[in-house]
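Single-structure report; data block below.
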Amino acid sequence: MCRHFGADNPSSMDITQAREVLPTNVKPVHYDLTLEPDFDKFTFEGKVVVDLDVIEDTTSITLNTLELKVHSAKVTSGQNVISSSPALAHDEDGQTTKVSFDQTIPGGAKASLTMTFTGTLNDNMAGFYRSSFKAEDGSTTWMATSQMEPTDARRAFPCFDEPALKSTFAVTLVADDKMTCLSNMDVVSETTVDSKVTGGKRKAVTFNKTPPMSTYLLAFIVGELNYIETNSFRIPVRVYAPKDRDIEHGRFSLELAAKTLDFYEKTFDSPFPLPKMDMIAIPDFSAGAMENWGLVTYRVVDVLIDEKVSGASVKQRVAETVQHELAHQWFGNLVTMDFWDGLWLNEGFATWMSWYSCNVFYPDWKVWEGYVTDNLASALSLDSLRSSHPIEVPVKRADEINQIFDAISYSKGSCVLRMISKYLGEDVFMEGIRRYLKKHAYGNTQTGDLWAALSDASGKDVEKVMDIWTKKVGFPVVSVTEGSNSIHVKQNRFLRTADVKPEEDETIFPVFLSLRTKDGVDKDLALSSREADFKLQDMDFFKLNADHSGLYRTSYTPERLRKLGLAAKDGLLTVEDRAGMIADAEALAASGYQKTSGILSLLDSFKSESEFVVWQEISSRISVLRSAWMFEDQAVKDALKHFQLDLTKDKAHELGWSFTDKDGHIEQQFKAMMFGTAGIAKDETILKAAFDMFNKFKSGDSSAIHPNLRSSVYAIVLSSGGKEEYDVVVDQAINAKTSDERNTAMRALGRAKSPELIQRTLALAVSDDVKAQDIYLPISSLRTHPEGIEALWAFVKENWSELEKRLPPSLSMLSSVVSITTSSFTKREHIKDIESFFASKSTKGFDKALAQSIDAISAKAAWIERDSEDVKTWLKKNKYLQ
């Protein structure tokens, strides 16, 4: 799936014992499942027959159900009916139904459980649910679709809903003739049947039997759809979309999918085992995409793209998402983690693989350079909080699982794989992956199985090196001090809050030092103890963590940092080195290892920088600094804005903001970013240009704002304009033709600062004009100014019960909203207010997000207390502050 507790992990035996899982007396082998949606009542009728292996003598069968009404059950074994009306006991909290009978079925026998049931086509984007789109005449048209990961197959049909309980599935969908029916497999037959819903005749579409697979990968869709198809891969590949969409917008994803499947088959030396590959745009979808085997579901914006109205960054996101989901077809679907604490095996690998393949297909995008400012940055950011968690995180209950779909499982997981691929070499790493997939095809694995395959391929003890990285929380800061001909390096746990306790600093990580000197990079150098000395032939130039492929921060002396700034100008550092060095310097200033004046001077020295990714990091670091100082004295805030302007305006003007067909993918993004960064800092020329474009657009010239600039122009005019500008952007947010255009407008609305417009943005977020999946879009940019942050939190407090209803805590959306609405505060009194509000509330489903927000605020508060005067002094000395 693609997604837009500081305790260390206990031993694996403890994890397994603590899990709330189903009894092991029976094991599912095959499901025969029939579902018929009712679009009048928004329910569905179902029948399931589960073939079981009986493992031990048994008088009951327990399986998962949630929000299903079971009408009948029958248990048979061979030719014998064991019970035609067994006793049923539902456990709502445990999400199970126990089927009990008098006769004992002996271990070693076969059994079959038949159940009929009714469920709800819910609005929660979980299980078998409803999604809507507008028909040509403006009426609402409904479709039924599914999202099972992590534990919502049990909302669609009674099942053994655990990843290790793989079975085969034969699915039949009953629907009106005008509906397209899709599932994981291809269609085996279509017949006419008597409908349980309408009483009349309907079609029954039956699909071929699947290979053995986990319940969370099952998918079924019923709706009025169009599709396009390509035969450029050896099996059919299609993109489907609701009839209100221009299906040609799926062309880019379609062709990319065919190329990617071919590339993955060869790279993994493992043929894609299904007879077709479908991808579909779903109007209501809680994640970014979901890797259902043979039927990948996507948010509309993550699979359909109109290249005429979407910028370069959108195209890159779509490419990465498609390649991420297709990597899962092997890593996750063919070979599956045995339980959810191994989620990172799926997500970390799919993330790494999407970058790896993007780099092969689009070398001019230079994605590995951007990796440092993207995946590595988000991994280190979350993992620098006390409330982070290990990559292999103990999960006991179904309702805890959604919270671990985060930057640790995805980004840190992929960073660990990047680190090991650099250590072993990419060819050896890939050979290990091939062995892993071959050995465990159609089975389930734990992290140790991956390490074993990589050890087998490399001859190195991978588990010894890597186990600590996945089993322990956090990462180190490596402090470097210098002697006359050597460096002394020491590792300690890094926390953004700068208050590491001795008991939190006991882990010794194996750190790949990757020492860069004028002679190249020493990849064998490693720190496997708390501290060590290393001799250097030339003390003039050195840098640790070449290309930032290691998961740690490096703390240098101020003098060395100054020398590295000069080395950057002399071309001795790669793009990744420069971006990573800036990121490290600010993270270390924010946590008290260095002074903030040091990072301000370092940024100032990068004015002549030529590369996009480095400027991305510079812009991002200024933004972090300004956000931390959000509630400080206005004169200091103005001075920081002036510094941002001074730093960025020359580069913005040098690049310009007009686009031609000759502009490369990176150049387009570079121009757009610099235009936005200098524009938000109130560059007069850019302000005027933005308003000129916007006014032409308002007057009916739809091409006046280039797609690459749309988000920046909206942000600039809403920050500086008023109601008139807001009305135009709101109209785009609701009525623009493509999802991408609507989302761009929606994302910008919170930039408007007047109390009246802030209230309109908040009201819009919970109105019928915004789908529940998109609630975060209008509210996110309210975090760019103090008025918005305060209004957002007041709104949450006033509307808490309504938000809980709209966004059930057991799913992931409420957790995101809590994070967005609390984490932008910067003072200790803010923490008190947040804690006192939630003291009387259940925080089930978002307790991790809340703890992370409070940690983040504590870190900012401590940073300001430490360095407020240091920043003022620097700003005065550099004439930004009187």
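Chain labels A, B, ... are given in the sequence in which chains occur in the structure tokens; within each chain residues are numbered consecutively from 1, and ligands are likewise numbered from 1 in the order shown.
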- Message: Using DSSP secondary structure from the backbone, list all alpha helix (DSSP H) positions within stretch 208-373 of chain A, as number ranges by chain.
- Response: A: 251-268, 312-328, 343-361, 367-371
- Query: Neighbours of A:His642 within 9 Å (only C-alpha atoms; same-chain residues fewer than 5 positions away dropped), as a ChimeraX atom specification?
  - Reply: /A:637,647,681-682,880
Writing out the chosen residues with C-alpha atoms as a tab-separated table (two decimals), in the first residue's frame:
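So the final result, stored in selection_26.tsv, reads:
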```tsv
chain	number	residue	atom	x	y	z
A	637	LYS	CA	9.86	36.39	12.03
A	647	LEU	CA	18.90	33.65	-0.08
A	681	ALA	CA	9.05	35.35	1.01
A	682	LYS	CA	7.42	38.27	-0.87
A	880	TYR	CA	18.24	41.43	8.82
```
- Message: So that I can check the surroundings of stretch 325-337 of chain A, please list as a PyMOL selection string every protein, DNA and RNA residue that reaches within 9 Å of it, counting only C-alpha atoms and ignoring chain neighbours fewer than 5 positions away.
- Response: chain A and resi 1-2+163-164+212-214+217+257+260-261+264+268+270+272-273+289-294+296+320+342-347+349-351+353-354+436-437+440-447
Take the residues just selected and output them with C-alpha atoms as a JSON list (two decimals), in the first residue's frame.
```json
[["chain", "number", "residue", "atom", "x", "y", "z"],
["A", 1, "MET", "CA", 0.00, 0.00, 0.00],
["A", 2, "CYS", "CA", 1.21, 3.48, -0.65],
["A", 163, "PRO", "CA", -1.63, -12.82, 6.54],
["A", 164, "ALA", "CA", -0.17, -16.28, 7.30],
["A", 212, "PRO", "CA", -2.74, -19.27, -2.48],
["A", 213, "MET", "CA", -2.88, -15.73, -1.05],
["A", 214, "SER", "CA", -3.66, -13.71, 2.09],
["A", 217, "LEU", "CA", -4.99, -8.93, -0.93],
["A", 257, "ALA", "CA", 2.85, -0.75, -15.84],
["A", 260, "THR", "CA", 7.53, -2.34, -15.18],
["A", 261, "LEU", "CA", 6.03, -5.84, -15.05],
["A", 264, "TYR", "CA", 10.42, -6.91, -12.57],
["A", 268, "PHE", "CA", 13.44, -11.04, -9.96],
["A", 270, "SER", "CA", 10.19, -14.82, -11.41],
["A", 272, "PHE", "CA", 4.17, -12.72, -12.78],
["A", 273, "PRO", "CA", 1.85, -15.64, -11.94],
["A", 289, "ALA", "CA", -2.94, 2.88, -3.65],
["A", 290, "MET", "CA", -3.35, -0.79, -2.69],
["A", 291, "GLU", "CA", -1.49, -3.72, -4.23],
["A", 292, "ASN", "CA", -4.35, -6.27, -4.44],
["A", 293, "TRP", "CA", -2.94, -9.14, -6.49],
["A", 294, "GLY", "CA", -3.87, -8.59, -10.13],
["A", 296, "VAL", "CA", -4.43, -2.66, -7.93],
["A", 320, "GLU", "CA", 6.66, 5.97, -8.17],
["A", 342, "GLY", "CA", 6.88, -7.63, 9.49],
["A", 343, "LEU", "CA", 4.97, -4.96, 7.51],
["A", 344, "TRP", "CA", 8.27, -3.28, 6.66],
["A", 345, "LEU", "CA", 9.26, -6.31, 4.54],
["A", 346, "ASN", "CA", 6.39, -5.37, 2.20],
["A", 347, "GLU", "CA", 6.52, -1.60, 2.39],
["A", 349, "PHE", "CA", 11.06, -3.13, -0.20],
["A", 350, "ALA", "CA", 8.28, -1.77, -2.44],
["A", 351, "THR", "CA", 9.46, 1.77, -1.61],
["A", 353, "MET", "CA", 12.18, -0.93, -5.54],
["A", 354, "SER", "CA", 10.04, 1.91, -6.90],
["A", 436, "TYR", "CA", 14.35, -15.08, -1.19],
["A", 437, "LEU", "CA", 11.44, -14.96, -3.69],
["A", 440, "HIS", "CA", 9.39, -18.57, -0.16],
["A", 441, "ALA", "CA", 7.00, -18.23, -3.16],
["A", 442, "TYR", "CA", 3.34, -18.54, -2.02],
["A", 443, "GLY", "CA", 4.57, -18.66, 1.58],
["A", 444, "ASN", "CA", 5.12, -16.37, 4.57],
["A", 445, "THR", "CA", 8.36, -15.02, 6.00],
["A", 446, "GLN", "CA", 9.96, -13.13, 8.85],
["A", 447, "THR", "CA", 12.79, -10.59, 8.61]]
```
- Task: May I have the residues within 10 Å of stretch 599-613 of chain A as a ChimeraX atom specification, using only C-alpha atoms and disregarding those fewer than 5 positions away in the same chain?
- Result: /A:366-367,369-374,558,561-562,564-566,568-569,575-576,578-590,594,618-619,621-622,625,640,643-644,646-651,666-671,673-674,871,874-875,878
Residues from the last selection, C-alpha atoms, saved as a tab-separated table (two decimals), in the first residue's frame:
```
chain	number	residue	atom	x	y	z
A	366	LYS	CA	18.07	11.48	-10.85
A	367	VAL	CA	15.75	10.00	-8.22
A	369	GLU	CA	19.65	12.32	-5.42
A	370	GLY	CA	16.14	13.19	-4.27
A	371	TYR	CA	16.05	10.13	-2.01
A	372	VAL	CA	18.08	12.05	0.59
A	373	THR	CA	15.56	14.90	0.80
A	374	ASP	CA	12.58	12.54	0.61
A	558	PRO	CA	32.12	24.40	13.51
A	561	LEU	CA	31.58	22.45	8.87
A	562	ARG	CA	32.99	25.69	7.44
A	564	LEU	CA	32.94	21.37	4.14
A	565	GLY	CA	31.02	24.42	2.92
A	566	LEU	CA	34.15	25.44	0.97
A	568	ALA	CA	31.09	21.95	-1.63
A	569	LYS	CA	31.99	25.06	-3.66
A	575	VAL	CA	24.62	16.43	-4.63
A	576	GLU	CA	23.57	13.90	-1.95
A	578	ARG	CA	25.60	18.60	0.03
A	579	ALA	CA	21.88	18.10	0.67
A	580	GLY	CA	22.54	15.62	3.48
A	581	MET	CA	25.12	17.86	5.13
A	582	ILE	CA	22.61	20.75	5.26
A	583	ALA	CA	19.93	18.44	6.69
A	584	ASP	CA	22.32	17.14	9.37
A	585	ALA	CA	23.46	20.65	10.33
A	586	GLU	CA	19.93	21.86	10.97
A	587	ALA	CA	18.82	18.70	12.78
A	588	LEU	CA	21.85	19.07	15.06
A	589	ALA	CA	21.11	22.76	15.67
A	590	ALA	CA	17.48	21.95	16.46
A	594	GLN	CA	25.32	22.94	17.40
A	618	ILE	CA	17.79	24.57	1.63
A	619	SER	CA	14.13	25.57	1.11
A	621	ARG	CA	15.33	23.76	6.17
A	622	ILE	CA	14.32	27.44	6.05
A	625	LEU	CA	13.24	27.02	11.01
A	640	LEU	CA	13.83	35.28	8.92
A	643	PHE	CA	16.73	36.11	5.00
A	644	GLN	CA	14.74	33.53	2.97
A	646	ASP	CA	17.74	37.24	0.21
A	647	LEU	CA	18.90	33.65	-0.08
A	648	THR	CA	16.49	32.53	-2.83
A	649	LYS	CA	15.61	35.52	-5.03
A	650	ASP	CA	18.74	35.57	-7.23
A	651	LYS	CA	18.45	31.88	-8.06
A	666	ILE	CA	14.27	18.40	-13.00
A	667	GLU	CA	14.56	21.88	-14.49
A	668	GLN	CA	10.78	22.24	-14.51
A	669	GLN	CA	10.57	21.37	-10.81
A	670	PHE	CA	13.57	23.59	-10.01
A	671	LYS	CA	11.99	26.68	-11.60
A	673	MET	CA	10.21	25.52	-6.46
A	674	MET	CA	12.39	28.63	-6.57
A	871	VAL	CA	19.32	33.58	16.14
A	874	TRP	CA	23.01	36.37	13.86
A	875	LEU	CA	20.12	38.25	12.23
A	878	ASN	CA	23.81	40.15	9.11
```
- Near stretch 54-62 of chain A, counting only C-alpha atoms, which residues have an atom at most 9 Å away, once you skip same-chain residues fewer than 4 positions from it, shown as JSON, numbers by chain? {"A": [22, 23, 24, 25, 26, 27, 28, 96, 97, 98, 99, 100, 101, 102, 103, 104, 105, 106, 107, 108, 109, 110, 111, 113, 160]}
Let's have the selection written as a compact mmCIF listing (two decimals), in the first residue's frame, with C-alpha atoms.
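Writing the result to selection-v4.txt gives the following:
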```
# COMPACT_ATOMS: atom_id res chain seq x y z
CA LEU A 22 -7.36 -17.00 15.88
CA PRO A 23 -7.24 -20.52 17.37
CA THR A 24 -5.10 -22.94 15.35
CA ASN A 25 -7.45 -25.95 15.48
CA VAL A 26 -8.46 -25.50 11.82
CA LYS A 27 -6.76 -24.01 8.78
CA PRO A 28 -8.53 -22.53 5.73
CA THR A 96 -14.67 -12.86 15.76
CA THR A 97 -17.58 -15.30 15.42
CA LYS A 98 -17.35 -18.71 17.09
CA VAL A 99 -19.31 -21.54 15.44
CA SER A 100 -19.91 -24.36 17.99
CA PHE A 101 -21.36 -27.85 17.38
CA ASP A 102 -21.92 -31.04 19.43
CA GLN A 103 -20.17 -33.60 17.24
CA THR A 104 -16.36 -33.69 17.31
CA ILE A 105 -14.50 -33.46 14.00
CA PRO A 106 -11.25 -35.45 14.36
CA GLY A 107 -7.81 -33.96 13.65
CA GLY A 108 -6.62 -34.81 10.14
CA ALA A 109 -10.13 -34.64 8.68
CA LYS A 110 -11.48 -32.17 6.11
CA ALA A 111 -14.38 -29.88 6.96
CA LEU A 113 -18.17 -24.18 6.79
CA PHE A 160 -9.52 -16.19 8.66
```
- Message: Need the shell around stretch 498-515 of chain A: protein/DNA/RNA residues with any atom at most 6 Å away, counting only C-alpha atoms. Skip same-chain ones fewer than 4 positions apart. Format as a PyMOL selection string?
- Response: chain A and resi 493+521-523+525-528+543-546+591
- Can you pull out every residue within 7 Å of A:Arg553, counting only C-alpha atoms, but drop anything in the same chain fewer than 3 positions away, and send it as a list in words? Pro476, Val477, Val478 and Asp584 of chain A
- So which one's closest to A:Val817, A:Val81, A:Ala851, A:Met466, A:Leu777? Using only C-alpha atoms, please. A:Leu777
- Message: I'd like to know which of A:Glu36, A:Asp538, A:Glu531, A:Glu869 is closest to A:Asp633, using only C-alpha atoms.
- Response: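 With only C-alpha atoms as the atom set, the closest residue is A:Glu869.
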- Task: Run DSSP on the backbone and give me the residues of stretch 5-246 of chain A it puts in strand (DSSP E or B), as a PyMOL selection string.
- Result: chain A and resi 26-38+43-54+58-64+68-77+80-83+87-91+96-105+110-120+122+127-134+140-147+159+167-175+180-183+187-194+201-207+213+220-223+225-230+237-242
- Query: In Å, how far is it from atom CA of A:Arg751 to atom CA of A:Ser739?
  - Reply: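 Atom-to-atom, atom CA of A:Arg751 to atom CA of A:Ser739, that is 20.0 Å.
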- Between atom CA of A:Ala748 and atom CA of A:Met693, measure the distance and give it in Å to one decimal.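 Atom CA of A:Met693 lies at a distance of 16.1 Å from atom CA of A:Ala748.
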- Query: For A:Asp91, which of A:Ser72, A:Asn64, A:Ser387, A:Gln491 is the closest residue, counting only C-alpha atoms?
  - Reply: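 Closest to A:Asp91, using only C-alpha atoms: A:Asn64.
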- Message: Counting only C-alpha atoms, which residue out of A:Phe541, A:Ser384, A:Gly550, A:Phe117 sits closest to A:Gly571?
- Response: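 Closest residue, counting only C-alpha atoms: A:Phe541.
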- Query: For A:Cys181, which of A:Leu165, A:Gln79, A:Leu295, A:Gln147 is the closest residue, counting only C-alpha atoms?
  - Reply: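 Going through A:Leu165, A:Gln79, A:Leu295, A:Gln147 one by one, the smallest distance to A:Cys181 is for A:Leu295.
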- Task: Pick out the closest residue to A:Val489 from this set: A:Ala453, A:Arg760, A:Asp855, A:Asp533. Count only C-alpha atoms.
- Result: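 The shortest atom-to-atom distance to A:Val489 comes from A:Asp533.
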- In Å, with one decimal, what is the gap from atom CA of A:Glu190 to atom CA of A:Lys203?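 A separation of 6.6 Å between them.
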